[in-house]
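This is final.cif (mmCIF, C-alpha atoms).
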data_entry
loop_
_atom_site.group_PDB
_atom_site.id
_atom_site.type_symbol
_atom_site.label_atom_id
_atom_site.label_comp_id
_atom_site.auth_asym_id
_atom_site.auth_seq_id
_atom_site.Cartn_x
_atom_site.Cartn_y
_atom_site.Cartn_z
ATOM 1 C CA MET E 1 18.455 7.661 0.551
ATOM 2 C CA VAL E 2 15.233 8.409 2.386
ATOM 3 C CA SER E 3 12.515 5.937 3.322
ATOM 4 C CA ALA E 4 9.321 7.712 4.297
ATOM 5 C CA HIS E 5 5.556 7.944 3.910
ATOM 6 C CA THR E 6 4.513 9.082 0.398
ATOM 7 C CA ALA E 7 3.133 12.357 1.789
ATOM 8 C CA VAL E 8 6.540 13.133 3.332
ATOM 9 C CA LEU E 9 8.331 12.263 0.108
ATOM 10 C CA ASP E 10 5.898 14.445 -1.851
ATOM 11 C CA ARG E 11 6.715 17.421 0.390
ATOM 12 C CA MET E 12 10.442 16.746 -0.065
ATOM 13 C CA ILE E 13 9.970 16.544 -3.852
ATOM 14 C CA GLU E 14 8.020 19.833 -3.876
ATOM 15 C CA SER E 15 10.673 21.604 -1.805
ATOM 16 C CA GLY E 16 13.529 20.337 -3.961
ATOM 17 C CA GLY E 17 14.891 18.126 -1.180
ATOM 18 C CA LEU E 18 15.062 14.994 -3.356
ATOM 19 C CA ASP E 19 16.697 14.305 -6.695
ATOM 20 C CA ALA E 20 14.654 11.167 -7.368
ATOM 21 C CA ALA E 21 12.160 8.976 -5.538
ATOM 22 C CA VAL E 22 10.221 5.730 -5.718
ATOM 23 C CA VAL E 23 6.730 6.291 -4.293
ATOM 24 C CA VAL E 24 3.290 4.672 -4.202
ATOM 25 C CA ARG E 25 0.063 6.403 -5.204
ATOM 26 C CA GLY E 26 -3.523 5.447 -5.801
ATOM 27 C CA VAL E 27 -4.274 4.525 -9.411
ATOM 28 C CA GLY E 28 -5.002 7.755 -11.261
ATOM 29 C CA ASP E 29 -3.849 10.053 -8.428
ATOM 30 C CA PRO E 30 -2.096 13.239 -9.548
ATOM 31 C CA ALA E 31 1.682 12.879 -9.719
ATOM 32 C CA PRO E 32 4.564 15.304 -10.261
ATOM 33 C CA ILE E 33 5.958 15.901 -13.740
ATOM 34 C CA GLY E 34 8.628 13.322 -14.494
ATOM 35 C CA THR E 35 6.725 10.472 -12.831
ATOM 36 C CA GLU E 36 6.739 7.032 -14.450
ATOM 37 C CA THR E 37 4.448 4.267 -13.264
ATOM 38 C CA ARG E 38 6.613 1.187 -12.870
ATOM 39 C CA TRP E 39 3.886 -1.321 -11.915
ATOM 40 C CA ARG E 40 0.549 -1.706 -10.152
ATOM 41 C CA GLU E 41 0.420 -3.436 -6.811
ATOM 42 C CA PRO E 42 -2.904 -5.170 -6.010
ATOM 43 C CA MET E 43 -3.990 -5.195 -2.365
ATOM 44 C CA VAL E 44 -6.034 -7.626 -0.288
ATOM 45 C CA TRP E 45 -7.562 -7.456 3.167
ATOM 46 C CA VAL E 46 -5.811 -9.536 5.826
ATOM 47 C CA ALA E 47 -6.724 -10.383 9.411
ATOM 48 C CA ARG E 48 -5.493 -12.572 12.260
ATOM 49 C CA ASP E 49 -8.329 -14.972 11.449
ATOM 50 C CA LEU E 50 -11.759 -14.814 9.848
ATOM 51 C CA GLN E 51 -13.458 -14.778 13.272
ATOM 52 C CA VAL E 52 -12.155 -11.216 13.718
ATOM 53 C CA VAL E 53 -14.093 -9.981 10.677
ATOM 54 C CA ALA E 54 -17.253 -12.010 11.325
ATOM 55 C CA THR E 55 -18.888 -9.154 13.266
ATOM 56 C CA ARG E 56 -20.840 -6.208 11.853
ATOM 57 C CA PRO E 57 -19.799 -3.574 11.325
ATOM 58 C CA VAL E 58 -16.558 -5.164 10.082
ATOM 59 C CA PRO E 59 -13.607 -3.716 12.047
ATOM 60 C CA VAL E 60 -10.743 -2.351 9.938
ATOM 61 C CA VAL E 61 -7.268 -1.163 10.883
ATOM 62 C CA LEU E 62 -5.807 1.601 8.717
ATOM 63 C CA ARG E 63 -2.634 3.617 8.337
ATOM 64 C CA GLY E 64 -3.089 7.184 9.529
ATOM 65 C CA GLY E 65 -2.416 10.457 7.759
ATOM 66 C CA ARG E 66 -2.546 10.575 3.987
ATOM 67 C CA SER E 67 -1.720 6.894 3.602
ATOM 68 C CA VAL E 68 -2.199 5.629 0.051
ATOM 69 C CA SER E 69 -3.327 2.185 1.224
ATOM 70 C CA ALA E 70 -5.909 3.675 3.593
ATOM 71 C CA THR E 71 -7.187 6.154 0.992
ATOM 72 C CA VAL E 72 -7.577 3.463 -1.676
ATOM 73 C CA ALA E 73 -9.189 0.992 0.749
ATOM 74 C CA CYS E 74 -11.591 3.591 2.206
ATOM 75 C CA SER E 75 -12.686 4.498 -1.296
ATOM 76 C CA ALA E 76 -13.598 0.845 -1.897
ATOM 77 C CA LEU E 77 -15.335 0.604 1.487
ATOM 78 C CA ARG E 78 -17.440 3.714 0.803
ATOM 79 C CA ARG E 79 -18.719 2.173 -2.454
ATOM 80 C CA TRP E 80 -19.507 -1.104 -0.668
ATOM 81 C CA ALA E 81 -23.020 -1.827 0.609
ATOM 82 C CA GLY E 82 -21.730 -3.458 3.829
ATOM 83 C CA SER E 83 -21.085 -1.831 7.188
ATOM 84 C CA TRP E 84 -17.593 -1.226 8.556
ATOM 85 C CA ARG E 85 -15.862 0.806 11.239
ATOM 86 C CA VAL E 86 -12.307 1.972 11.849
ATOM 87 C CA ALA E 87 -11.176 0.011 14.903
ATOM 88 C CA ALA E 88 -7.643 1.440 14.949
ATOM 89 C CA THR E 89 -5.345 3.767 13.032
ATOM 90 C CA CYS E 90 -1.579 3.409 13.123
ATOM 91 C CA GLU E 91 1.186 5.589 11.711
ATOM 92 C CA GLY E 92 3.694 2.832 10.986
ATOM 93 C CA TRP E 93 3.624 -0.653 9.499
ATOM 94 C CA VAL E 94 4.897 -2.291 12.695
ATOM 95 C CA ALA E 95 2.040 -0.862 14.775
ATOM 96 C CA LEU E 96 -0.467 -1.629 12.019
ATOM 97 C CA LEU E 97 0.539 -5.291 11.838
ATOM 98 C CA ALA E 98 0.635 -5.542 15.650
ATOM 99 C CA ALA E 99 -2.965 -4.281 15.814
ATOM 100 C CA VAL E 100 -4.060 -6.798 13.161
ATOM 101 C CA ARG E 101 -2.232 -9.637 14.927
ATOM 102 C CA ALA E 102 -3.911 -8.605 18.198
ATOM 103 C CA GLY E 103 -7.305 -9.043 16.525
ATOM 104 C CA TYR E 104 -8.400 -5.405 16.175
ATOM 105 C CA GLY E 105 -9.577 -5.962 12.582
ATOM 106 C CA ALA E 106 -8.555 -6.362 8.951
ATOM 107 C CA THR E 107 -6.112 -4.174 7.039
ATOM 108 C CA PRO E 108 -5.280 -3.769 3.340
ATOM 109 C CA LEU E 109 -1.814 -4.976 2.311
ATOM 110 C CA PRO E 110 -0.104 -5.338 -1.056
ATOM 111 C CA VAL E 111 -0.233 -8.999 -2.079
ATOM 112 C CA THR E 112 3.550 -9.180 -2.259
ATOM 113 C CA VAL E 113 4.106 -8.337 1.409
ATOM 114 C CA LEU E 114 1.622 -10.693 3.041
ATOM 115 C CA ALA E 115 2.686 -12.114 6.372
ATOM 116 C CA GLU E 116 2.406 -15.890 6.734
ATOM 117 C CA ASP E 117 0.603 -15.647 10.080
ATOM 118 C CA LEU E 118 -2.291 -13.601 8.650
ATOM 119 C CA VAL E 119 -5.208 -14.823 6.550
ATOM 120 C CA VAL E 120 -6.613 -13.211 3.425
ATOM 121 C CA VAL E 121 -10.176 -11.979 3.929
ATOM 122 C CA PRO E 122 -12.342 -13.129 1.004
ATOM 123 C CA PRO E 123 -14.296 -10.573 -1.064
ATOM 124 C CA THR E 124 -17.532 -12.044 0.318
ATOM 125 C CA ILE E 125 -16.623 -10.375 3.664
ATOM 126 C CA LEU E 126 -14.880 -7.170 2.523
ATOM 127 C CA PRO E 127 -14.678 -5.627 -0.967
ATOM 128 C CA PRO E 128 -11.352 -5.790 -2.840
ATOM 129 C CA PRO E 129 -9.397 -2.787 -1.552
ATOM 130 C CA GLY E 130 -7.945 -1.842 -4.935
ATOM 131 C CA GLU E 131 -4.468 -1.226 -6.297
ATOM 132 C CA MET E 132 -1.565 1.124 -5.753
ATOM 133 C CA GLU E 133 0.864 2.344 -8.389
ATOM 134 C CA VAL E 134 4.575 2.157 -7.703
ATOM 135 C CA GLN E 135 6.144 5.123 -9.443
ATOM 136 C CA GLY E 136 9.589 6.468 -10.126
ATOM 137 C CA VAL E 137 9.934 10.255 -9.953
ATOM 138 C CA LEU E 138 12.893 12.090 -11.468
ATOM 139 C CA VAL E 139 12.785 15.542 -9.925
ATOM 140 C CA ARG E 140 15.821 17.196 -11.481
ATOM 141 C CA ARG E 141 16.230 16.661 -15.209
ATOM 142 C CA ALA E 142 19.891 17.719 -14.943
ATOM 143 C CA LEU E 143 20.365 14.457 -13.088
ATOM 144 C CA SER E 144 19.012 12.323 -15.935
ATOM 145 C CA PRO E 145 21.879 9.803 -15.537
ATOM 146 C CA TRP E 146 20.215 8.956 -12.211
ATOM 147 C CA LEU E 147 17.035 7.953 -14.029
ATOM 148 C CA ALA E 148 18.594 4.630 -15.019
ATOM 149 C CA ALA E 149 19.495 4.031 -11.372
ATOM 150 C CA VAL E 150 15.943 4.846 -10.208
ATOM 151 C CA ARG E 151 14.509 2.535 -12.871
ATOM 152 C CA ALA E 152 16.944 -0.224 -11.892
ATOM 153 C CA ALA E 153 16.091 0.154 -8.187
ATOM 154 C CA ALA E 154 12.373 0.005 -8.951
ATOM 155 C CA GLU E 155 12.924 -3.077 -11.126
ATOM 156 C CA VAL E 156 14.831 -4.855 -8.333
ATOM 157 C CA VAL E 157 11.954 -4.168 -5.927
ATOM 158 C CA ARG E 158 9.386 -5.291 -8.523
ATOM 159 C CA ALA E 159 11.306 -8.500 -9.279
ATOM 160 C CA SER E 160 11.710 -9.383 -5.597
ATOM 161 C CA ARG E 161 8.009 -8.757 -5.016
ATOM 162 C CA ALA E 162 7.143 -10.919 -8.030
ATOM 163 C CA ARG E 163 9.126 -13.778 -6.483
ATOM 164 C CA VAL E 164 7.169 -13.363 -3.253
ATOM 165 C CA ARG E 165 3.905 -13.212 -5.220
ATOM 166 C CA ASP E 166 4.763 -16.517 -6.945
ATOM 167 C CA THR E 167 4.807 -18.252 -3.554
ATOM 168 C CA SER E 168 1.892 -16.327 -2.033
ATOM 169 C CA PRO E 169 -1.110 -18.297 -0.693
ATOM 170 C CA VAL E 170 -3.354 -15.677 -2.365
ATOM 171 C CA ASP E 171 -2.731 -17.286 -5.727
ATOM 172 C CA ALA E 172 -3.902 -20.674 -4.455
#
What is this structure when it is put down as structure tokens?
Amino acid sequence: MVSAHTAVLDRMIESGGLDAAVVVRGVGDPAPIGTETRWREPMVWVARDLQVVATRPVPVVLRGGRSVSATVACSALRRWAGSWRVAATCEGWVALLAAVRAGYGATPLPVTVLAEDLVVVPPTILPPPGEMEVQGVLVRRALSPWLAAVRAAAEVVRASRARVRDTSPVDA
């Protein structure tokens, strides 16, 4: 089992280094043959507090590289009439959340992984960042018995995220 950035997993898929994968992509992004979208994951902007995003241009904190969340969120920001600036980029989730907690700016997160100590930034301050697709990819058809396992793993993740979503303050 490998846990990695989607871009890394894509390279491993292309090189034949993986039999199957569960990845995230932007809605409508190209995907390898054998990909099944399992569900869409809406995102919201979060910040330490609303004071952090009260300045103009609005400071944002993004994942670096070819991050799906950053790509989707930047697309929404470019269509937005407001002003924004990248205050920090971080390669990993731990650094990203540390920067947000330190007050560097807002970041897009899937609604099912919101941290209790962060606040959701309303769409009157920043535009909705969009959605990601969680996809299962079966790379080697000869391993089709594994497809059921990939689907089951994706379903377990989806179900656990749905439970988190049911208790999320976003729905309030």
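When all atoms listed in the file are used to measure the gap to Val24 (chain E), the shortest distance among E:Ala98, E:Ala47, E:Val68, E:Arg79 belongs to E:Val68.
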At what distance in Å, to one decimal, does CA of Val100 (chain E) lie from CA of Leu118 (chain E)?
->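 Between CA of Leu118 (chain E) and CA of Val100 (chain E) the gap works out to 8.4 Å.
Distance-wise, CA of Ser83 (chain E) and CA of Pro108 (chain E) end up 16.4 Å apart.
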Take the PyMOL selection byres ((chain E and resi 54-66) around 6), apply it to the structure above, and return the hits as a list in words.
->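 On the file shown, the PyMOL selection byres ((chain E and resi 54-66) around 6) covers Gln51, Val52, Val53, Ser67, Ala70, Ser83, Trp84, Arg85, Val86, Ala87, Ala88, Thr89, Cys90, Glu91, Gly105, Ala106 and Thr107 of chain E.
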Apply the PyMOL selection byres ((chain E and resi 76) around 8) to the file shown and report the selected residues as a short mmCIF file (atom, residue, chain, number, x, y, z; two decimals) with C-alpha atoms, in the coordinates of the input.
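Generated file (result.cif):
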data_model
loop_
_atom_site.label_atom_id
_atom_site.label_comp_id
_atom_site.auth_asym_id
_atom_site.auth_seq_id
_atom_site.Cartn_x
_atom_site.Cartn_y
_atom_site.Cartn_z
CA VAL E 72 -7.58 3.46 -1.68
CA ALA E 73 -9.19 0.99 0.75
CA CYS E 74 -11.59 3.59 2.21
CA SER E 75 -12.69 4.50 -1.30
CA LEU E 77 -15.34 0.60 1.49
CA ARG E 78 -17.44 3.71 0.80
CA ARG E 79 -18.72 2.17 -2.45
CA TRP E 80 -19.51 -1.10 -0.67
CA PRO E 127 -14.68 -5.63 -0.97
CA PRO E 128 -11.35 -5.79 -2.84
CA PRO E 129 -9.40 -2.79 -1.55
CA GLY E 130 -7.94 -1.84 -4.93
#
When the PyMOL selection byres ((chain E and resi 110) around 12) is applied to the file above, which residues end up in the set, as a count of residues only?
-> 35
